[in-house]
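> Have a look at this one.
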Amino acid sequence: MKMFSIILRNAFRHRLRSILTIAGIATAVMAFGLLRTVIGAWNAGVTNAASNRMIVRHRVSFIFPLPITDLQQLQRVAGVTGVSWANWFGGVYGNSSDFKNFWPRLAVDPATYFTLYPEFIVPPDQLAAFQRERNSCIIGRKLAIQKGFKLGDVITMDGDIFPGRWEFVVRGIYTGRDPSTDETQQFFQWDYLNEQVKQREPGRNVDAGWYILKVGSAGAMPAVSATIDTAYTNSQAPTKTESEKAFQQSFVSMSSTIITSLQVVSFVIIGIILLVLANTIVMAVRERTREYAILKTLGFTGRHIATFILGESLVIGVLGGMLGLLLIYPMVQGVKQGFSAFFPVIGVSAFTAVLVLGVAALSGLAAAALPAARAVRLPIVTGLRTIG
Amino acid sequence: MKIPFSYIWRSLWARRLTTVLTLSGLTLVVFVFAGVLMLAQGLQKTLVDTGATDNVIVLRKSANSELVSQVDRGSAEILETAPEVAAAADGRPLLAREVNLIINLNKKGSHAMGNITVRGTSPHGVELRQGVHITQGRMFTFGTHEIVVGHGIATQFDGVALGSVVPFGGDKWTVVGYFDAGGTGFDSEVWGDADQVMQAFGRPTYSSLTFRLRDPGQFAALQARLNADPRTQYVEPKRERDFYREQSQGLGGFIRVLGITITVIFSIGAMIGAMITMYAAVANRVVEVGTLRALGFRRRSVLGAFLLESILLGLVGGAAGVVLAGFLSFARVSTLNFSSFSEIGFGFALSLGVIINALIFAVVMGIVGGFLPAVRAARLNIVNALRGS
């Protein structure tokens with residue numbers, strides 16, 4: 001206990017320096033935590049994928065549709081308990097160079113889609129209204145707040161994949177079951193898309209962008225996948241059937257380079273934390289060279305000295321880490337506002353919080369290792385002779 | 001009276017370890033800062049260079065990428081007879097009818113999937129892109145299921161070795177050559193015959209038409225002609241360079257904003273590091289400062305000397321960071337471009353602008369870190385300072 005109070009007193013002997021060091025570590029820790037959170041947000045789709053859903057897409061690429069006639073055959077596959085489908089609509093809302101005008105717009109089957117996605121909670125009357133009215137849509141709660149859309153509003157946009165002007169009436173607003181559910185999407189009736197395209201571009205067919213399957217258990221997935229993909233191997237549209245998790249993972253992996261560089265940068269930040277802390281400890285130890293020599297003459301061993309130095313560094317490091325951790329939360333809120341199009345779901349995970357503190361504590365020990373070793377080895381006489 | 005410069009740098013040299021630690025911190029920050037700028041710059045350069053100044057690309061209105069655009073044969077025929085379109089070497093209009101699709105390939109050494117652009121082009125497509133040349137094998141033959149693979153895809157992705165067969169569109173395609181497009185976006189593409197690709201995918205329309213203007217000044221005239229003709233009102237011509245610049249804005253802006261936000265945050269950490277060093281420098285030299293003042297140096301000179309010391313720290317750290325970042329020029333990255341939903345390979349581009357920005361950033365860090373300590377040194381009372389209190 002005595003040792004600890006010496007450590008604390010030493011740590012704050014140079015109050016300004018200690019406070020600066022803690023502030024420096026706190027900002028670096030905050031940047032580190034922010035990066036980890038951004039990387040986590042990138043993976044949100046994978047983390048949140050349901051374990052009982054599978055996606056059937058075109059084998060060559062997700063951009064090619066699958067025949068809508070595949071539906072009956074998919075419904076009959078053993079192990080499949082529900083089938084729905086969706087299309088990526090794209091579209092341009094307002095000024096397209098503003099990322100705040102981008103959100104996912106999907107044409108879905110109104111009868112089945114929301115049963116397969118129980119995490120999107122729609123009030124029953126709103127869902128019924130959506131199913132009744134051809135040009136209606138359901139939007140996420142966050143999207144409604146961001147853009148000020150209310151029930152009954154008309155959302156107008158230009159199509160790109162499906163050209164022309166499109167108007168959708170908001171008939172429902174869904175909320176997420178979990179805090180991590182994406183609340184920024186827009187769903188409208190696939191039948192509306194189909195009808196309109198037939199009218200606007202005679203001869204063009206609308207198929208299913210991808211199918212969503214519900215399976216009884218995760219164990220049934222390999223068999224379902226094999227059955228479907230084998231059946232379509234030689235068809236016009238060969239399929240790739242995978243778990244929702246694998247499907248989301250393939251999207252994340254397209255940006256793997258960016259994720260890797262963010263990870264590299266996060267290691268650079270750890271380097272900076274180390275340097276700032278090491279600098280302070282080196283200074284402190286140099287100033288106290290005589291003092292440590294005196295302690296040694298009084299009978300304190302090298303181990304004591306090392307504990308003093310390591311402890312001091314650890315205290316400063318952990319204090320900086322805790323302050324930084326507190327700062328991460330408001331920062332993440334800021335990112336949420338600014339990057340909502342890129343990261344619909346972002347939050348500081350418990351793992352990140354623990355990681356951040358761990359990094360700060362380990363940096364504290366690592367930064368003090370060299371100065372401590374030096375102080376321990378320094379002969380008493382040399383130490384006493386040193387002029388501060 | 002000014003304090004000699006040698007005093008300033010000798011003071012730094014006297015506490016080498018602390019100086020080096022502070023410098024390393026500043027260096028790391030500038031390294032990341034410059035790296036982010038270089039990456040965004042590299043992406044922009046790659047895509048902007050992809051477009052030629054007098055080429056024009058025609059897409060469907062409100063289509064922001066070739067992938068979602070559709071242009072019919074009728075429009076192609078109308079454009080081929082337009083007087084603004086330049087003539088090719090064979091006397092025919094220098095216009096390419098192209099189709100743009102995406103296939104999935106796996107990155108080498110990982111299971112990461114990439115969206116690769118397959119560009120079906122017509123005989124004048126290569127003549128329009130002057131930088132493109134075959135490096136290995138030969139060009140594909142029109143009318144066959146042969147493809148050539150861009151240099152960036154050949155080096156980064158599996159399954160496209162010379163002679164190998166790539167299945168897509170219900171057919172098999174043979175890789176007969178690699179091409180180099182001089183570091184432009186075409187390096188990240190696979191090229192084949194437009195008619196063959198469209199047939200294989202059962203697609204009746206082109207994605208885009210690209211042609212050379214007879215005279216670059218005729219762009220407005222062409223735009224007016226397309227708008228006046230009801231058959232071509234649904235398309236929109238863009239200068240190729242402008243089109244590709246737009247394609248770089250999404251990802252480029254993302255890299256810049258995210259990168260700079262994070263760099264600025266942790267640069268505060270490094271600035272505080274510099275501040276700690278400078279405060280310590282002042283504290284250790286109280287007597288020295290007193291002596292300087294007693295010798296007749298003004299407060300202003302003392303302030304200047306300490307500030308210069310920290311600016312020097314920033315500048316050296318900045319220079320080291322830029323040099324370190326310079327090595328990144330040898331690295332190439334390949335990732336998904338959100339705007340085109342396809343893979344784009346690009347490098348880190350070191351430009352004078354990046355160097356200047358990075359050095360300014362470093363000097364600002366030095367000034368911010370050194371200002372308060374320098375003020376403290378300048379405000380020391382001569383008598384107290386000489387007493388060493």
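Residue names in the structure tokens use chain letters A, B, ... in the order shown, residue numbers from 1 in each chain, and ligand numbers from 1 in the order shown.
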Output the contact residues of chain B with respect to chain A at a cut-off of 7 Å, based on only C-alpha atoms, as a list in words.
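That gives Thr18, Leu21, Gly25, Leu28, Ser62, Ala63, Val68, Ser69, Ile102, Ile103, Asn104, Ala112, Met113, Gly114, Phe168, Gly170, Ile262, Ile265, Phe266, Ile268, Gly269, Ala270, Ile272, Gly273, Ile276, Val333, Ser334, Thr335 and Leu336 of chain B for chain B.
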> Would you mind exporting the chosen residues as a compact mmCIF listing (two decimals), in the first residue's frame, restricted to N, CA, C and O atoms?

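Resulting contents of selection-v1.txt:
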```txt
# COMPACT_ATOMS: atom_id res chain seq x y z
N THR B 18 14.92 12.30 -25.73
CA THR B 18 13.62 12.95 -25.71
C THR B 18 13.29 13.52 -27.09
O THR B 18 12.18 13.38 -27.60
N LEU B 21 12.29 10.74 -29.41
CA LEU B 21 10.94 10.21 -29.12
C LEU B 21 9.86 11.16 -29.66
O LEU B 21 8.90 10.73 -30.29
N GLY B 25 7.12 10.53 -32.86
CA GLY B 25 5.68 10.71 -32.78
C GLY B 25 5.18 11.60 -33.91
O GLY B 25 4.23 11.25 -34.62
N LEU B 28 5.35 9.78 -37.29
CA LEU B 28 4.27 8.81 -37.53
C LEU B 28 2.99 9.52 -37.96
O LEU B 28 2.31 9.09 -38.88
N SER B 62 -29.21 10.46 -65.70
CA SER B 62 -29.26 10.11 -64.28
C SER B 62 -28.62 8.76 -63.96
O SER B 62 -28.73 8.27 -62.84
N ALA B 63 -27.93 8.16 -64.92
CA ALA B 63 -27.12 6.98 -64.60
C ALA B 63 -25.76 7.50 -64.17
O ALA B 63 -25.10 8.20 -64.92
N VAL B 68 -25.23 0.82 -64.53
CA VAL B 68 -26.69 0.94 -64.49
C VAL B 68 -27.24 1.62 -65.74
O VAL B 68 -28.43 1.81 -65.86
N SER B 69 -26.36 1.97 -66.67
CA SER B 69 -26.82 2.71 -67.84
C SER B 69 -27.22 1.78 -68.98
O SER B 69 -26.68 0.68 -69.12
N ILE B 102 -20.35 -7.06 -64.57
CA ILE B 102 -19.46 -7.39 -63.44
C ILE B 102 -19.43 -8.89 -63.22
O ILE B 102 -20.47 -9.56 -63.29
N ILE B 103 -18.24 -9.43 -63.02
CA ILE B 103 -18.13 -10.83 -62.61
C ILE B 103 -17.33 -10.87 -61.31
O ILE B 103 -16.64 -9.92 -60.97
N ASN B 104 -17.44 -11.95 -60.59
CA ASN B 104 -16.71 -12.08 -59.34
C ASN B 104 -15.47 -12.94 -59.52
O ASN B 104 -15.52 -14.01 -60.11
N ALA B 112 -11.06 -13.17 -50.37
CA ALA B 112 -11.79 -11.93 -50.58
C ALA B 112 -12.27 -11.86 -52.03
O ALA B 112 -11.52 -12.14 -52.96
N MET B 113 -13.54 -11.50 -52.19
CA MET B 113 -14.13 -11.49 -53.52
C MET B 113 -14.03 -10.09 -54.10
O MET B 113 -14.17 -9.10 -53.39
N GLY B 114 -13.77 -10.00 -55.40
CA GLY B 114 -13.73 -8.70 -56.05
C GLY B 114 -14.77 -8.63 -57.15
O GLY B 114 -15.08 -9.64 -57.77
N PHE B 168 -18.49 -17.31 -67.55
CA PHE B 168 -19.53 -16.35 -67.16
C PHE B 168 -20.53 -16.21 -68.30
O PHE B 168 -20.22 -16.49 -69.45
N GLY B 170 -23.07 -18.02 -68.94
CA GLY B 170 -23.45 -19.29 -69.54
C GLY B 170 -22.47 -19.78 -70.59
O GLY B 170 -22.77 -20.69 -71.37
N ILE B 262 -9.40 11.14 -38.53
CA ILE B 262 -8.67 10.34 -37.56
C ILE B 262 -7.25 10.87 -37.36
O ILE B 262 -6.76 10.95 -36.24
N ILE B 265 -7.31 13.89 -35.13
CA ILE B 265 -7.53 13.53 -33.72
C ILE B 265 -6.23 13.05 -33.09
O ILE B 265 -5.81 13.55 -32.06
N PHE B 266 -5.55 12.10 -33.75
CA PHE B 266 -4.37 11.62 -33.03
C PHE B 266 -3.17 12.52 -33.17
O PHE B 266 -2.21 12.39 -32.44
N ILE B 268 -3.38 15.45 -32.23
CA ILE B 268 -3.45 16.18 -30.95
C ILE B 268 -2.56 15.47 -29.94
O ILE B 268 -1.82 16.11 -29.19
N GLY B 269 -2.60 14.12 -29.97
CA GLY B 269 -1.72 13.36 -29.09
C GLY B 269 -0.26 13.71 -29.32
O GLY B 269 0.49 13.95 -28.37
N ALA B 270 0.14 13.78 -30.60
CA ALA B 270 1.54 14.07 -30.92
C ALA B 270 1.89 15.51 -30.55
O ALA B 270 3.00 15.79 -30.09
N ILE B 272 0.61 17.21 -28.11
CA ILE B 272 0.80 17.25 -26.66
C ILE B 272 2.16 16.67 -26.31
O ILE B 272 2.86 17.17 -25.44
N GLY B 273 2.58 15.64 -27.07
CA GLY B 273 3.91 15.08 -26.87
C GLY B 273 4.98 16.15 -27.07
O GLY B 273 5.91 16.29 -26.27
N ILE B 276 4.98 18.53 -24.14
CA ILE B 276 5.67 17.99 -22.96
C ILE B 276 7.17 18.20 -23.10
O ILE B 276 7.85 18.67 -22.19
N VAL B 333 -2.81 -0.60 -54.28
CA VAL B 333 -3.95 -1.20 -53.60
C VAL B 333 -5.06 -1.41 -54.60
O VAL B 333 -5.07 -0.80 -55.66
N SER B 334 -5.95 -2.30 -54.27
CA SER B 334 -7.07 -2.58 -55.15
C SER B 334 -8.29 -2.76 -54.26
O SER B 334 -8.26 -3.53 -53.32
N THR B 335 -9.33 -2.01 -54.52
CA THR B 335 -10.51 -2.12 -53.66
C THR B 335 -11.77 -1.77 -54.44
O THR B 335 -11.71 -1.41 -55.61
N LEU B 336 -12.90 -1.88 -53.76
CA LEU B 336 -14.19 -1.62 -54.40
C LEU B 336 -14.43 -0.12 -54.49
O LEU B 336 -14.32 0.59 -53.51
```
> I'd like to know which residues of region 78-246 of chain A are strand (DSSP E or B) (by DSSP, run on the backbone); could you write them as a PyMOL selection string?
chain A and resi 80-88+92+105-108+120-121+136-140+154-159+164-176+186-189+208+210-215+239-243
> What lies within 10 Å of region 293-299 of chain B using only C-alpha atoms, ignoring chain neighbours under 4 positions off, as a list in words?
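In the requested form, the answer reads Met1, Lys2, Ile3, Val287, Glu288, Val289, Leu303, Gly304, Ala305, Ala374, Val375, Ala377, Ala378, Arg379, Leu380, Asn381, Ile382, Val383, Ala385 and Leu386 of chain B.
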> Generate a file of the selected residues that holds C-alpha atoms, formatted as an mmCIF file, in the first residue's frame.

```cif
data_model
loop_
_atom_site.group_PDB
_atom_site.id
_atom_site.type_symbol
_atom_site.label_atom_id
_atom_site.label_comp_id
_atom_site.auth_asym_id
_atom_site.auth_seq_id
_atom_site.Cartn_x
_atom_site.Cartn_y
_atom_site.Cartn_z
ATOM 1 C CA MET B 1 19.154 40.863 -30.843
ATOM 2 C CA LYS B 2 18.526 37.426 -32.265
ATOM 3 C CA ILE B 3 19.581 34.239 -30.590
ATOM 4 C CA VAL B 287 19.129 29.384 -15.441
ATOM 5 C CA GLU B 288 20.205 29.433 -19.054
ATOM 6 C CA VAL B 289 17.263 31.599 -20.016
ATOM 7 C CA LEU B 303 10.139 33.369 -27.274
ATOM 8 C CA GLY B 304 11.374 33.138 -30.854
ATOM 9 C CA ALA B 305 14.196 30.763 -29.956
ATOM 10 C CA ALA B 374 7.874 29.367 -25.283
ATOM 11 C CA VAL B 375 5.604 31.931 -23.627
ATOM 12 C CA ALA B 377 10.243 30.830 -21.058
ATOM 13 C CA ALA B 378 9.813 34.393 -22.284
ATOM 14 C CA ARG B 379 7.940 35.473 -19.170
ATOM 15 C CA LEU B 380 10.563 34.246 -16.706
ATOM 16 C CA ASN B 381 11.793 36.900 -14.306
ATOM 17 C CA ILE B 382 15.550 37.462 -14.756
ATOM 18 C CA VAL B 383 16.505 37.445 -11.075
ATOM 19 C CA ALA B 385 15.602 32.579 -13.242
ATOM 20 C CA LEU B 386 19.257 33.190 -12.455
#
```
> Just the helix (DSSP H, G or I) stuff from region 110-186 of chain B, please, per backbone DSSP, written as a PyMOL selection string.
chain B and resi 125-128+151-156+185-186
> Please produce an output containing N, CA, C and O atoms for each residue in the selection, written as a tab-separated table (two decimals), in the first residue's frame.

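That gives us part.tsv:
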```tsv
chain	number	residue	atom	x	y	z
B	125	GLY	N	-12.74	0.48	-79.94
B	125	GLY	CA	-12.52	0.72	-78.51
B	125	GLY	C	-11.07	0.90	-78.14
B	125	GLY	O	-10.72	1.73	-77.31
B	126	VAL	N	-10.20	0.09	-78.77
B	126	VAL	CA	-8.78	0.17	-78.42
B	126	VAL	C	-8.16	1.44	-79.00
B	126	VAL	O	-7.36	2.11	-78.35
B	127	GLU	N	-8.57	1.79	-80.22
B	127	GLU	CA	-8.00	2.99	-80.86
B	127	GLU	C	-8.35	4.25	-80.04
B	127	GLU	O	-7.58	5.20	-80.00
B	128	LEU	N	-9.52	4.19	-79.38
B	128	LEU	CA	-9.95	5.35	-78.57
B	128	LEU	C	-9.09	5.53	-77.33
B	128	LEU	O	-8.94	6.62	-76.82
B	151	HIS	N	-3.72	-5.45	-66.57
B	151	HIS	CA	-2.54	-5.66	-65.75
B	151	HIS	C	-2.87	-5.75	-64.25
B	151	HIS	O	-2.40	-6.62	-63.54
B	152	GLY	N	-3.75	-4.84	-63.78
B	152	GLY	CA	-4.09	-4.81	-62.35
B	152	GLY	C	-4.83	-6.07	-61.91
B	152	GLY	O	-4.60	-6.58	-60.82
B	153	ILE	N	-5.69	-6.58	-62.76
B	153	ILE	CA	-6.44	-7.79	-62.42
B	153	ILE	C	-5.51	-8.99	-62.51
B	153	ILE	O	-5.53	-9.88	-61.66
B	154	ALA	N	-4.65	-9.00	-63.54
B	154	ALA	CA	-3.75	-10.14	-63.74
B	154	ALA	C	-2.84	-10.32	-62.53
B	154	ALA	O	-2.55	-11.45	-62.13
B	155	THR	N	-2.39	-9.22	-61.92
B	155	THR	CA	-1.46	-9.36	-60.81
B	155	THR	C	-2.16	-9.60	-59.48
B	155	THR	O	-1.57	-10.17	-58.58
B	156	GLN	N	-3.42	-9.18	-59.34
B	156	GLN	CA	-4.06	-9.25	-58.03
B	156	GLN	C	-5.07	-10.39	-57.88
B	156	GLN	O	-5.49	-10.68	-56.77
B	185	GLY	N	-7.79	3.36	-64.93
B	185	GLY	CA	-8.84	2.47	-64.46
B	185	GLY	C	-9.03	1.24	-65.33
B	185	GLY	O	-9.49	0.20	-64.87
B	186	PHE	N	-8.64	1.33	-66.62
B	186	PHE	CA	-8.81	0.19	-67.52
B	186	PHE	C	-7.94	-0.99	-67.09
B	186	PHE	O	-8.22	-2.13	-67.43
```
> So that I can check the surroundings of region 337-348 of chain B, please list as a PyMOL selection string every protein, DNA and RNA residue that reaches within 9 Å of it, counting only C-alpha atoms and ignoring chain neighbours fewer than 5 positions away.
(chain A and resi 254-255) or (chain B and resi 35-47+64-68+102+114-117+152-153+156+183-189+246-251+325-326+328-332)
> Please provide as a list in words all residues within 12 Å of Gly353 (chain B), with the sequence filter that same-chain residues fewer than 2 positions apart are discarded (counting only C-alpha atoms).
Ala34, Leu37, Met38, Gln41, Val322, Ala349, Leu350, Ser351, Ile355, Ile356, Asn357, Ala358, Leu359 and Ile360 of chain B
> Would you save the residues of that selection, restricted to N, CA, C and O atoms, as a compact mmCIF listing (two decimals), in the first residue's frame?

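Result file is part-v3.txt:
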```
# COMPACT_ATOMS: atom_id res chain seq x y z
N ALA B 34 0.16 12.07 -44.71
CA ALA B 34 0.59 12.10 -46.11
C ALA B 34 0.07 10.87 -46.84
O ALA B 34 -0.36 10.95 -48.00
N LEU B 37 -3.54 11.37 -47.87
CA LEU B 37 -3.65 12.30 -48.99
C LEU B 37 -3.18 11.64 -50.28
O LEU B 37 -3.77 11.80 -51.35
N MET B 38 -2.08 10.87 -50.17
CA MET B 38 -1.52 10.21 -51.37
C MET B 38 -2.50 9.20 -51.94
O MET B 38 -2.63 9.04 -53.15
N GLN B 41 -5.33 11.03 -53.60
CA GLN B 41 -4.77 11.62 -54.82
C GLN B 41 -4.55 10.54 -55.88
O GLN B 41 -4.85 10.75 -57.06
N VAL B 322 7.27 12.50 -44.52
CA VAL B 322 7.04 12.54 -45.97
C VAL B 322 7.95 11.55 -46.68
O VAL B 322 7.52 10.83 -47.59
N ALA B 349 -0.11 8.36 -54.75
CA ALA B 349 0.55 9.33 -55.62
C ALA B 349 1.12 10.47 -54.79
O ALA B 349 0.39 11.17 -54.10
N LEU B 350 2.44 10.62 -54.83
CA LEU B 350 3.10 11.70 -54.10
C LEU B 350 3.18 12.91 -55.03
O LEU B 350 3.82 12.86 -56.07
N SER B 351 2.50 13.98 -54.66
CA SER B 351 2.57 15.18 -55.49
C SER B 351 3.11 16.32 -54.65
O SER B 351 3.19 16.23 -53.42
N ILE B 355 3.11 17.04 -50.47
CA ILE B 355 4.30 17.35 -49.66
C ILE B 355 4.08 18.66 -48.91
O ILE B 355 4.32 18.75 -47.70
N ILE B 356 3.60 19.67 -49.63
CA ILE B 356 3.41 20.98 -49.00
C ILE B 356 2.39 20.88 -47.87
O ILE B 356 2.62 21.36 -46.75
N ASN B 357 1.27 20.21 -48.14
CA ASN B 357 0.24 20.06 -47.11
C ASN B 357 0.79 19.35 -45.88
O ASN B 357 0.52 19.75 -44.75
N ALA B 358 1.56 18.29 -46.11
CA ALA B 358 2.09 17.51 -44.99
C ALA B 358 3.06 18.36 -44.17
O ALA B 358 3.04 18.33 -42.93
N LEU B 359 3.91 19.14 -44.86
CA LEU B 359 4.88 19.96 -44.12
C LEU B 359 4.18 21.07 -43.34
O LEU B 359 4.54 21.36 -42.20
N ILE B 360 3.16 21.67 -43.97
CA ILE B 360 2.40 22.72 -43.26
C ILE B 360 1.78 22.12 -41.99
O ILE B 360 1.86 22.68 -40.90
```
> Which one is closest to Gly169 (chain B): A:Lys214, A:Arg13, A:His58, A:Lys100? Count only C-alpha atoms.
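The closest residue to Gly169 (chain B) is A:His58.
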> If I take CA of Gly317 (chain A) and CA of Asn10 (chain A), how far is one from the other in Å, to one decimal?
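Separation between CA of Gly317 (chain A) and CA of Asn10 (chain A): 14.0 Å.
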> Hey, what's within 12 Å of Val166 (chain B) if we count only C-alpha atoms and toss same-chain stuff fewer than 5 positions away? As an MDAnalysis selection string, please?
(chainID A and resid 60) or (chainID B and resid 103:105 118 145:149 158:161 171:176 190)
> I'd like the neighbourhood of Val332 (chain A) as a ChimeraX atom specification, where a residue qualifies if any of its atoms comes within 9 Å (using only C-alpha atoms), though same-chain residues fewer than 3 positions away should be ignored.
/A:34,37-38,327-329,335-337,346-348
